[in-house]
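run_36.tsv (TSV, C-alpha atoms)
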chain	number	residue	atom	x	y	z
A	30	MET	CA	0.00	0.00	0.00
A	31	GLY	CA	1.28	3.51	-0.82
A	32	LYS	CA	1.52	6.54	1.44
A	33	GLY	CA	-1.62	7.85	3.15
A	34	LEU	CA	-3.87	7.04	6.09
A	35	HIS	CA	-6.00	4.38	4.35
A	36	LEU	CA	-8.85	4.99	6.75
A	37	THR	CA	-11.71	2.54	6.99
A	38	LYS	CA	-15.30	3.45	7.82
A	39	LYS	CA	-14.60	2.31	11.39
A	40	ASP	CA	-11.55	4.61	11.61
A	41	LEU	CA	-13.61	7.57	10.40
A	42	LEU	CA	-16.29	6.85	12.98
A	43	GLU	CA	-13.63	6.72	15.69
A	44	LEU	CA	-12.26	10.06	14.49
A	45	GLU	CA	-15.76	11.57	14.63
A	46	GLU	CA	-16.18	10.30	18.20
A	47	GLU	CA	-12.80	11.75	19.13
A	48	LYS	CA	-13.74	15.19	17.72
A	49	LYS	CA	-17.04	15.06	19.60
A	50	SER	CA	-15.27	14.18	22.81
A	51	ASN	CA	-12.70	16.99	22.30
A	52	ARG	CA	-15.50	19.52	21.76
A	53	LYS	CA	-17.24	18.39	24.94
A	54	GLN	CA	-14.01	18.60	26.92
A	55	ARG	CA	-13.36	22.15	25.66
A	56	MET	CA	-16.91	23.20	26.63
A	57	ASP	CA	-16.48	21.58	30.05
A	58	PHE	CA	-13.27	23.58	30.43
A	59	ILE	CA	-15.13	26.81	29.55
A	60	ASP	CA	-17.64	26.04	32.34
A	61	LEU	CA	-14.85	25.34	34.80
A	62	TYR	CA	-12.93	28.45	33.76
A	63	CYS	CA	-15.99	30.72	33.96
A	64	ALA	CA	-16.83	29.41	37.45
A	65	TRP	CA	-13.27	30.28	38.50
A	66	LEU	CA	-13.40	33.65	36.70
A	67	LYS	CA	-16.58	34.69	38.48
A	68	LYS	CA	-15.19	34.11	41.95
A	69	THR	CA	-11.70	35.48	41.23
A	70	PRO	CA	-10.68	39.14	41.66
A	71	ASN	CA	-10.21	40.95	38.33
A	72	LYS	CA	-6.60	41.72	39.15
A	73	VAL	CA	-5.83	38.01	39.49
A	74	TRP	CA	-7.62	36.59	36.41
A	75	SER	CA	-6.57	39.47	34.14
A	76	LYS	CA	-2.90	39.03	35.10
A	77	GLN	CA	-3.12	35.36	34.13
A	78	GLN	CA	-5.01	36.16	30.92
A	79	ASN	CA	-2.36	38.75	30.00
A	80	LYS	CA	0.36	36.10	30.13
A	81	LEU	CA	-1.44	34.43	27.21
A	82	ILE	CA	-2.45	37.57	25.30
A	83	ASN	CA	0.81	39.54	25.67
A	84	LYS	CA	2.96	36.78	24.14
B	5	MET	CA	-15.15	38.84	38.25
B	6	GLU	CA	-16.07	42.16	39.73
B	7	LEU	CA	-18.20	44.36	37.46
B	8	GLU	CA	-21.12	46.74	37.59
B	9	PHE	CA	-23.75	45.91	35.03
B	10	SER	CA	-26.79	47.97	34.12
B	11	LYS	CA	-28.85	47.78	30.95
B	12	ASN	CA	-26.52	49.70	28.68
B	13	LYS	CA	-23.43	50.10	30.81
B	14	ILE	CA	-20.72	47.81	32.17
B	15	THR	CA	-18.04	49.20	34.45
B	16	PHE	CA	-14.99	47.27	35.57
B	17	GLU	CA	-11.28	47.45	36.28
B	18	LYS	CA	-8.58	44.94	35.43
B	19	CYS	CA	-4.90	44.70	34.51
B	20	LEU	CA	-4.89	45.85	30.89
B	21	SER	CA	-3.39	43.58	28.24
B	22	ASP	CA	-1.36	44.97	25.34
B	23	LEU	CA	-4.44	44.33	23.20
B	24	ASP	CA	-6.71	46.31	25.58
B	25	LYS	CA	-4.25	49.22	25.48
B	26	LEU	CA	-4.19	49.14	21.68
B	27	VAL	CA	-8.00	49.03	21.49
B	28	ILE	CA	-8.22	52.02	23.85
B	29	LYS	CA	-5.72	53.92	21.68
B	30	PHE	CA	-7.70	53.09	18.53
B	31	VAL	CA	-11.14	54.04	19.86
B	32	LYS	CA	-9.75	57.34	21.15
B	33	ILE	CA	-8.98	58.19	17.52
B	34	LEU	CA	-12.50	57.16	16.50
B	35	ASP	CA	-13.90	59.37	19.27
B	36	ALA	CA	-11.64	62.31	18.39
B	37	SER	CA	-12.71	61.96	14.74
B	38	LYS	CA	-16.36	61.79	15.88
B	39	VAL	CA	-16.84	58.44	14.12
B	40	ASP	CA	-19.59	56.31	15.65
B	41	TYR	CA	-18.55	52.68	16.06
B	42	VAL	CA	-19.32	49.42	17.78
B	43	ILE	CA	-16.90	46.63	18.69
B	44	ILE	CA	-18.22	43.17	17.97
B	45	SER	CA	-17.21	39.53	18.04
B	46	GLY	CA	-14.11	37.89	19.54
B	47	TYR	CA	-12.56	40.84	21.37
B	48	ILE	CA	-15.74	41.24	23.44
B	49	ALA	CA	-15.35	37.70	24.80
B	50	ILE	CA	-11.64	38.33	25.44
B	51	LEU	CA	-12.37	41.68	27.11
B	52	PHE	CA	-14.55	39.80	29.58
B	53	GLY	CA	-11.99	37.17	30.43
B	54	ARG	CA	-12.10	34.54	27.67
B	55	SER	CA	-8.81	32.72	27.73
B	56	ARG	CA	-7.66	33.09	24.12
B	57	ALA	CA	-5.81	35.50	21.86
B	58	THR	CA	-7.00	37.03	18.59
B	59	GLU	CA	-5.40	38.48	15.50
B	60	ASP	CA	-8.11	41.07	14.88
B	61	VAL	CA	-10.65	43.35	16.50
B	62	ASP	CA	-13.89	43.70	14.52
B	63	LEU	CA	-15.81	46.96	14.38
B	64	PHE	CA	-18.66	48.49	12.46
B	65	ILE	CA	-18.26	52.19	11.80
B	66	GLU	CA	-20.97	54.62	10.72
B	67	GLU	CA	-21.39	55.31	7.01
B	68	MET	CA	-19.84	58.69	6.38
B	69	PRO	CA	-18.83	60.99	3.52
B	70	PHE	CA	-15.31	60.67	2.10
B	71	GLU	CA	-14.12	63.96	3.68
B	72	LYS	CA	-14.86	62.67	7.18
B	73	PHE	CA	-13.23	59.31	6.42
B	74	ASN	CA	-10.16	61.11	5.07
B	75	THR	CA	-9.82	63.07	8.33
B	76	PHE	CA	-10.10	59.80	10.28
B	77	TRP	CA	-7.48	58.16	8.01
B	78	ASN	CA	-5.08	61.06	8.62
B	79	ALA	CA	-5.63	60.89	12.39
B	80	LEU	CA	-4.82	57.16	12.33
B	81	ASP	CA	-1.70	57.80	10.27
B	82	LYS	CA	-0.57	60.48	12.74
B	83	ALA	CA	-1.10	58.06	15.64
B	84	GLY	CA	1.10	55.39	14.04
B	85	PHE	CA	-1.49	53.16	12.31
B	86	GLU	CA	-1.53	52.14	8.66
B	87	CYS	CA	-4.07	50.43	6.47
B	88	ILE	CA	-2.76	47.01	5.49
B	89	ASN	CA	-5.13	46.17	2.65
B	90	ALA	CA	-5.62	49.52	0.86
B	91	PHE	CA	-2.96	52.01	-0.15
B	92	SER	CA	-4.87	55.28	-0.09
B	93	PRO	CA	-7.94	56.72	1.63
B	94	GLU	CA	-9.64	56.92	-1.78
B	95	GLU	CA	-9.08	53.22	-2.45
B	96	ALA	CA	-10.13	52.24	1.09
B	97	PHE	CA	-13.31	54.29	0.84
B	98	ASN	CA	-14.40	53.57	-2.75
B	99	ASP	CA	-13.17	50.01	-3.33
B	100	PHE	CA	-13.70	48.63	0.15
B	101	LEU	CA	-16.01	50.50	2.53
B	102	LYS	CA	-18.53	51.61	-0.09
B	103	GLU	CA	-18.56	48.06	-1.46
B	104	LYS	CA	-19.27	46.85	2.12
B	105	LEU	CA	-15.85	45.23	2.35
B	106	ALA	CA	-13.56	45.51	5.35
B	107	ILE	CA	-10.43	47.59	5.69
B	108	ARG	CA	-7.77	46.66	8.21
B	109	PHE	CA	-5.50	48.93	10.24
B	110	ALA	CA	-2.47	47.85	12.25
B	111	LEU	CA	0.41	49.66	13.90
B	112	LYS	CA	2.90	50.61	11.21
B	113	GLY	CA	5.17	47.70	10.32
B	114	ASN	CA	2.83	45.15	11.93
B	115	PHE	CA	0.24	42.85	10.50
B	116	GLU	CA	-1.46	41.79	13.69
B	117	PRO	CA	-3.29	42.54	15.80
B	118	ASN	CA	-5.32	44.58	13.36
B	119	PHE	CA	-8.62	46.43	13.41
B	120	GLU	CA	-11.18	45.25	10.86
B	121	LEU	CA	-13.56	48.08	9.99
B	122	LYS	CA	-16.73	47.84	7.95
B	123	PHE	CA	-19.72	49.99	7.11
B	124	PRO	CA	-22.90	48.32	8.33
B	125	LYS	CA	-24.56	46.22	5.66
B	126	SER	CA	-27.22	43.94	7.07
B	127	LYS	CA	-30.03	44.63	9.52
B	128	TYR	CA	-27.88	42.86	12.13
B	129	ASN	CA	-24.98	45.28	11.50
B	130	ILE	CA	-27.22	48.34	11.76
B	131	TYR	CA	-28.89	47.03	14.93
B	132	SER	CA	-25.43	46.47	16.50
B	133	LEU	CA	-24.43	50.05	15.77
B	134	ASN	CA	-27.72	51.43	17.13
B	135	ASN	CA	-27.88	49.29	20.28
B	136	LYS	CA	-24.53	49.62	21.95
B	137	VAL	CA	-23.34	48.95	25.48
B	138	GLU	CA	-20.95	51.44	27.04
B	139	VAL	CA	-18.06	49.61	28.65
B	140	PHE	CA	-15.96	51.61	31.10
B	141	LEU	CA	-12.67	49.75	31.35
B	142	ASN	CA	-10.39	51.34	33.94
B	143	GLY	CA	-12.32	54.57	33.26
B	144	GLU	CA	-11.85	54.39	29.46
B	145	LYS	CA	-15.00	54.16	27.36
B	146	LEU	CA	-15.42	51.46	24.71
B	147	LEU	CA	-18.62	50.83	22.76
B	148	SER	CA	-19.54	47.16	22.62
B	149	SER	CA	-22.28	45.30	20.91
B	150	GLU	CA	-25.23	44.27	23.11
B	151	ILE	CA	-24.14	41.07	24.92
B	152	GLU	CA	-27.40	39.23	24.16
B	153	LEU	CA	-26.95	39.86	20.42
B	154	GLN	CA	-23.29	38.95	20.62
B	155	ILE	CA	-24.14	35.54	22.08
B	156	ALA	CA	-26.81	34.85	19.46
B	157	PHE	CA	-24.53	36.02	16.66
B	158	LYS	CA	-21.70	33.80	17.84
B	159	LEU	CA	-24.13	30.86	17.68
B	160	SER	CA	-24.99	31.79	14.10
B	161	LEU	CA	-21.31	31.97	13.07
B	162	GLY	CA	-21.10	28.34	14.06
B	163	SER	CA	-17.43	27.40	14.42
B	164	ASP	CA	-16.16	25.61	17.55
B	165	LYS	CA	-14.39	28.83	18.59
B	166	ASP	CA	-17.61	30.84	18.18
B	167	PHE	CA	-19.63	28.34	20.21
B	168	GLU	CA	-17.00	28.53	22.95
B	169	ASP	CA	-17.15	32.35	22.91
B	170	ALA	CA	-20.96	32.19	23.14
B	171	ARG	CA	-20.86	29.81	26.08
B	172	HIS	CA	-18.20	31.95	27.79
B	173	LEU	CA	-20.27	35.14	27.46
B	174	TYR	CA	-23.45	33.36	28.54
B	175	ASN	CA	-21.78	31.80	31.60
B	176	THR	CA	-20.08	35.05	32.56
B	177	PHE	CA	-23.14	37.30	32.21
B	178	LYS	CA	-25.94	34.80	32.96
B	179	GLU	CA	-27.20	36.67	36.02
B	180	HIS	CA	-27.23	40.03	34.22
B	181	LEU	CA	-28.68	39.15	30.83
B	182	ASP	CA	-32.15	40.02	29.59
B	183	LEU	CA	-33.20	36.43	28.93
B	184	ASN	CA	-36.25	37.41	26.88
B	185	LEU	CA	-34.09	39.57	24.64
B	186	LEU	CA	-31.52	36.79	24.28
B	187	LYS	CA	-34.25	34.31	23.30
B	188	LYS	CA	-35.65	36.85	20.84
B	189	GLN	CA	-32.25	37.37	19.21
B	190	ILE	CA	-31.72	33.60	19.07
B	191	SER	CA	-35.10	33.13	17.43
B	192	GLU	CA	-34.55	35.98	14.94
B	193	LEU	CA	-31.18	34.57	13.90
B	194	GLN	CA	-32.77	31.09	13.77
B	195	VAL	CA	-30.18	29.48	16.01
B	196	GLU	CA	-32.50	27.76	18.50
B	197	LYS	CA	-30.89	24.34	17.89
B	198	GLN	CA	-27.41	25.75	18.49
B	199	ALA	CA	-28.63	27.52	21.65
B	200	GLU	CA	-30.12	24.27	22.92
B	201	LYS	CA	-26.79	22.53	22.48
B	202	VAL	CA	-24.42	25.33	23.56
B	203	LEU	CA	-26.34	27.39	26.14
B	204	TRP	CA	-29.38	25.74	27.64
B	205	VAL	CA	-28.08	22.21	28.23
B	206	LYS	CA	-25.81	22.07	31.26
B	207	ASP	CA	-23.63	19.30	29.83
B	208	TYR	CA	-22.50	19.97	26.28
B	209	ILE	CA	-23.44	16.99	24.12
Since I need it in another form, could you write the structure as structure tokens?
Amino acid sequence: MGKGLHLTKKDLLELEEEKKSNRKQRMDFIDLYCAWLKKTPNKVWSKQQNKLINK
Amino acid sequence: MELEFSKNKITFEKCLSDLDKLVIKFVKILDASKVDYVIISGYIAILFGRSRATEDVDLFIEEMPFEKFNTFWNALDKAGFECINAFSPEEAFNDFLKEKLAIRFALKGNFEPNFELKFPKSKYNIYSLNNKVEVFLNGEKLLSSEIELQIAFKLSLGSDKDFEDARHLYNTFKEHLDLNLLKKQISELQVEKQAEKVLWVKDYI
């Protein structure tokens, strides 16, 4: 067989499941992050956010 | 998050990011040039804590005659900004803005972050410009799109990133939002299914 992934139907279904699970995990993280954000002083969360944004 | 929220006004203080400082610098030029504007989309989520970066800040600006736009262009030039997709104010105005296409400004010598400016085109654009929220960030005024509309619009854009922005804004402002207005905007933009999945269900499916 030449180069390439040679995915089967089963592989594609697995990939779909993986994408779905990744999306759910990212949304769960948003919920977790927002809960933290809401109880955290602005000075604290914004300093952390700036480390990401000011790169 | 500590903030004061009333119908059309949000007041809060935080450690400003480089992006916040640049946005404040840019809107001061809009204000000085008396150009009405509204900031929409990703920066609004980031302004209120979303943990991600962006390469652009999206704004609608009022439709205006060329003379006024030319004055604004010159003020931006004087402040160190340059247009990165049009070479002259005439080209930017006639070939982009009047054609309802976006022009982009960045600090001279930079490509990002940049400010994406458009004249309003659709009913949604015009509504955004006419229904702004004043955000006082460390005492500096920014004009943001209505949060309820922003959430519904993010649902209509439909990418994973947009859904995450929508959920972030909804979670962050849940207690302050006009839920009837949010549902109305969701219904008008026909994104009820997306809202069901992204906002109303506790566990994202």
Taking all atoms listed in the file into account, what are the residues of chain B at most 9 Å from chain A, put as an mmCIF file with C-alpha atoms, keeping the file's coordinate frame?
data_model
loop_
_atom_site.group_PDB
_atom_site.id
_atom_site.type_symbol
_atom_site.label_atom_id
_atom_site.label_comp_id
_atom_site.auth_asym_id
_atom_site.auth_seq_id
_atom_site.Cartn_x
_atom_site.Cartn_y
_atom_site.Cartn_z
ATOM 1 C CA MET B 5 -15.150 38.840 38.250
ATOM 2 C CA GLU B 6 -16.070 42.160 39.730
ATOM 3 C CA LEU B 7 -18.200 44.360 37.460
ATOM 4 C CA PHE B 16 -14.990 47.270 35.570
ATOM 5 C CA GLU B 17 -11.280 47.450 36.280
ATOM 6 C CA LYS B 18 -8.580 44.940 35.430
ATOM 7 C CA CYS B 19 -4.900 44.700 34.510
ATOM 8 C CA LEU B 20 -4.890 45.850 30.890
ATOM 9 C CA SER B 21 -3.390 43.580 28.240
ATOM 10 C CA ASP B 22 -1.360 44.970 25.340
ATOM 11 C CA LEU B 23 -4.440 44.330 23.200
ATOM 12 C CA ILE B 50 -11.640 38.330 25.440
ATOM 13 C CA GLY B 53 -11.990 37.170 30.430
ATOM 14 C CA ARG B 54 -12.100 34.540 27.670
ATOM 15 C CA SER B 55 -8.810 32.720 27.730
ATOM 16 C CA ARG B 56 -7.660 33.090 24.120
ATOM 17 C CA ALA B 57 -5.810 35.500 21.860
ATOM 18 C CA THR B 58 -7.000 37.030 18.590
ATOM 19 C CA ASP B 164 -16.160 25.610 17.550
ATOM 20 C CA PHE B 167 -19.630 28.340 20.210
ATOM 21 C CA GLU B 168 -17.000 28.530 22.950
ATOM 22 C CA ASP B 169 -17.150 32.350 22.910
ATOM 23 C CA ARG B 171 -20.860 29.810 26.080
ATOM 24 C CA HIS B 172 -18.200 31.950 27.790
ATOM 25 C CA LEU B 173 -20.270 35.140 27.460
ATOM 26 C CA ASN B 175 -21.780 31.800 31.600
ATOM 27 C CA THR B 176 -20.080 35.050 32.560
ATOM 28 C CA VAL B 202 -24.420 25.330 23.560
ATOM 29 C CA ASP B 207 -23.630 19.300 29.830
ATOM 30 C CA TYR B 208 -22.500 19.970 26.280
ATOM 31 C CA ILE B 209 -23.440 16.990 24.120
#
Separation of CA of Val27 in chain B from CA of Phe100 in chain B in Å: 22.1 Å
Ala79 in chain B surroundings by only C-alpha atoms, 12 Å radius, close-in-sequence under 5 positions cut, as a list in words: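 The contact residues come out as Lys29, Phe30, Val31, Lys32, Ile33, Leu34, Asp35, Ala36, Ser37, Lys38, Val39, Lys72, Phe73, Asn74, Gly84, Phe85, Glu86 and Pro93 of chain B.
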Could those selected residues go to a file with C-alpha atoms, as an mmCIF file, in the coordinates of the input?
data_model
loop_
_atom_site.group_PDB
_atom_site.id
_atom_site.type_symbol
_atom_site.label_atom_id
_atom_site.label_comp_id
_atom_site.auth_asym_id
_atom_site.auth_seq_id
_atom_site.Cartn_x
_atom_site.Cartn_y
_atom_site.Cartn_z
ATOM 1 C CA LYS B 29 -5.720 53.920 21.680
ATOM 2 C CA PHE B 30 -7.700 53.090 18.530
ATOM 3 C CA VAL B 31 -11.140 54.040 19.860
ATOM 4 C CA LYS B 32 -9.750 57.340 21.150
ATOM 5 C CA ILE B 33 -8.980 58.190 17.520
ATOM 6 C CA LEU B 34 -12.500 57.160 16.500
ATOM 7 C CA ASP B 35 -13.900 59.370 19.270
ATOM 8 C CA ALA B 36 -11.640 62.310 18.390
ATOM 9 C CA SER B 37 -12.710 61.960 14.740
ATOM 10 C CA LYS B 38 -16.360 61.790 15.880
ATOM 11 C CA VAL B 39 -16.840 58.440 14.120
ATOM 12 C CA LYS B 72 -14.860 62.670 7.180
ATOM 13 C CA PHE B 73 -13.230 59.310 6.420
ATOM 14 C CA ASN B 74 -10.160 61.110 5.070
ATOM 15 C CA GLY B 84 1.100 55.390 14.040
ATOM 16 C CA PHE B 85 -1.490 53.160 12.310
ATOM 17 C CA GLU B 86 -1.530 52.140 8.660
ATOM 18 C CA PRO B 93 -7.940 56.720 1.630
#
Distance of CA of Asp62 in chain B from CA of Glu150 in chain B, expressed in Å to one decimal place: 14.2 Å
CA of Leu141 in chain B to CA of Ile28 in chain B, distance in Å rounded to a single decimal: 9.0 Å
Exercise: Lys187 in chain B partners within 12 Å, all atoms listed in the file, chain neighbours under 3 positions left out, as a ChimeraX atom specification: /B:152-153,155-157,181-184,190-200,203-204
All residues 12 Å or closer to Leu101 in chain B, only C-alpha atoms, same chain fewer than 4 positions away omitted, as an MDAnalysis selection string: chainID B and resid 64:70 73 89:90 93:97 105:108 120:125
Selected residue, from B:Lys188, B:Lys165, B:Lys82, B:His180, that lies nearest to Leu111 in chain B when counting all atoms listed in the file: B:Lys82
Enclose the full set of atoms of range 51-69 of chain A listed in the file within a box whose edges lie along x, y and z, apply 6 Å of padding to each of the six sides, and report centre and edge lengths in Å to one decimal as JSON.
{"center_x": -14.7, "center_y": 26.2, "center_z": 31.9, "size_x": 17.9, "size_y": 30.5, "size_z": 32.2}
Will you model N, CA and C atoms for range 83-101 of chain B and pass it back as a PDB file, in the coordinates of the input?
ATOM      1  N   ALA B  83      -1.238  58.825  14.383  1.00  0.00           N
ATOM      2  CA  ALA B  83      -1.100  58.060  15.640  1.00  0.00           C
ATOM      3  C   ALA B  83      -0.281  56.774  15.456  1.00  0.00           C
ATOM      4  N   GLY B  84       0.222  56.539  14.240  1.00  0.00           N
ATOM      5  CA  GLY B  84       1.100  55.390  14.040  1.00  0.00           C
ATOM      6  C   GLY B  84       0.433  54.152  13.452  1.00  0.00           C
ATOM      7  N   PHE B  85      -0.813  54.293  12.946  1.00  0.00           N
ATOM      8  CA  PHE B  85      -1.490  53.160  12.310  1.00  0.00           C
ATOM      9  C   PHE B  85      -1.387  53.278  10.786  1.00  0.00           C
ATOM     10  N   GLU B  86      -1.459  52.128  10.123  1.00  0.00           N
ATOM     11  CA  GLU B  86      -1.530  52.140   8.660  1.00  0.00           C
ATOM     12  C   GLU B  86      -2.541  51.100   8.195  1.00  0.00           C
ATOM     13  N   CYS B  87      -3.123  51.383   7.038  1.00  0.00           N
ATOM     14  CA  CYS B  87      -4.070  50.430   6.470  1.00  0.00           C
ATOM     15  C   CYS B  87      -3.263  49.344   5.766  1.00  0.00           C
ATOM     16  N   ILE B  88      -3.583  48.087   6.049  1.00  0.00           N
ATOM     17  CA  ILE B  88      -2.760  47.010   5.490  1.00  0.00           C
ATOM     18  C   ILE B  88      -3.368  46.360   4.253  1.00  0.00           C
ATOM     19  N   ASN B  89      -4.580  46.769   3.877  1.00  0.00           N
ATOM     20  CA  ASN B  89      -5.130  46.170   2.650  1.00  0.00           C
ATOM     21  C   ASN B  89      -5.627  47.204   1.631  1.00  0.00           C
ATOM     22  N   ALA B  90      -5.342  48.481   1.873  1.00  0.00           N
ATOM     23  CA  ALA B  90      -5.620  49.520   0.860  1.00  0.00           C
ATOM     24  C   ALA B  90      -4.515  50.562   0.982  1.00  0.00           C
ATOM     25  N   PHE B  91      -4.123  51.134  -0.153  1.00  0.00           N
ATOM     26  CA  PHE B  91      -2.960  52.010  -0.150  1.00  0.00           C
ATOM     27  C   PHE B  91      -3.289  53.493   0.053  1.00  0.00           C
ATOM     28  N   SER B  92      -4.532  53.865  -0.207  1.00  0.00           N
ATOM     29  CA  SER B  92      -4.870  55.280  -0.090  1.00  0.00           C
ATOM     30  C   SER B  92      -6.267  55.394   0.518  1.00  0.00           C
ATOM     31  N   PRO B  93      -6.585  56.555   1.083  1.00  0.00           N
ATOM     32  CA  PRO B  93      -7.940  56.720   1.630  1.00  0.00           C
ATOM     33  C   PRO B  93      -9.009  56.587   0.547  1.00  0.00           C
ATOM     34  N   GLU B  94      -8.679  57.019  -0.661  1.00  0.00           N
ATOM     35  CA  GLU B  94      -9.640  56.920  -1.780  1.00  0.00           C
ATOM     36  C   GLU B  94      -9.954  55.457  -2.081  1.00  0.00           C
ATOM     37  N   GLU B  95      -8.881  54.642  -2.158  1.00  0.00           N
ATOM     38  CA  GLU B  95      -9.080  53.220  -2.450  1.00  0.00           C
ATOM     39  C   GLU B  95      -9.853  52.546  -1.304  1.00  0.00           C
ATOM     40  N   ALA B  96      -9.457  52.856  -0.071  1.00  0.00           N
ATOM     41  CA  ALA B  96     -10.130  52.240   1.090  1.00  0.00           C
ATOM     42  C   ALA B  96     -11.616  52.581   1.085  1.00  0.00           C
ATOM     43  N   PHE B  97     -11.924  53.827   0.780  1.00  0.00           N
ATOM     44  CA  PHE B  97     -13.310  54.290   0.840  1.00  0.00           C
ATOM     45  C   PHE B  97     -14.131  53.746  -0.336  1.00  0.00           C
ATOM     46  N   ASN B  98     -13.612  53.926  -1.556  1.00  0.00           N
ATOM     47  CA  ASN B  98     -14.400  53.570  -2.750  1.00  0.00           C
ATOM     48  C   ASN B  98     -14.423  52.068  -3.047  1.00  0.00           C
ATOM     49  N   ASP B  99     -13.253  51.420  -2.913  1.00  0.00           N
ATOM     50  CA  ASP B  99     -13.170  50.010  -3.330  1.00  0.00           C
ATOM     51  C   ASP B  99     -13.479  49.038  -2.189  1.00  0.00           C
ATOM     52  N   PHE B 100     -13.440  49.523  -0.971  1.00  0.00           N
ATOM     53  CA  PHE B 100     -13.700  48.630   0.150  1.00  0.00           C
ATOM     54  C   PHE B 100     -14.971  49.040   0.903  1.00  0.00           C
ATOM     55  N   LEU B 101     -14.892  50.141   1.643  1.00  0.00           N
ATOM     56  CA  LEU B 101     -16.010  50.500   2.530  1.00  0.00           C
ATOM     57  C   LEU B 101     -17.329  50.663   1.777  1.00  0.00           C
TER      58      LEU B 101
END
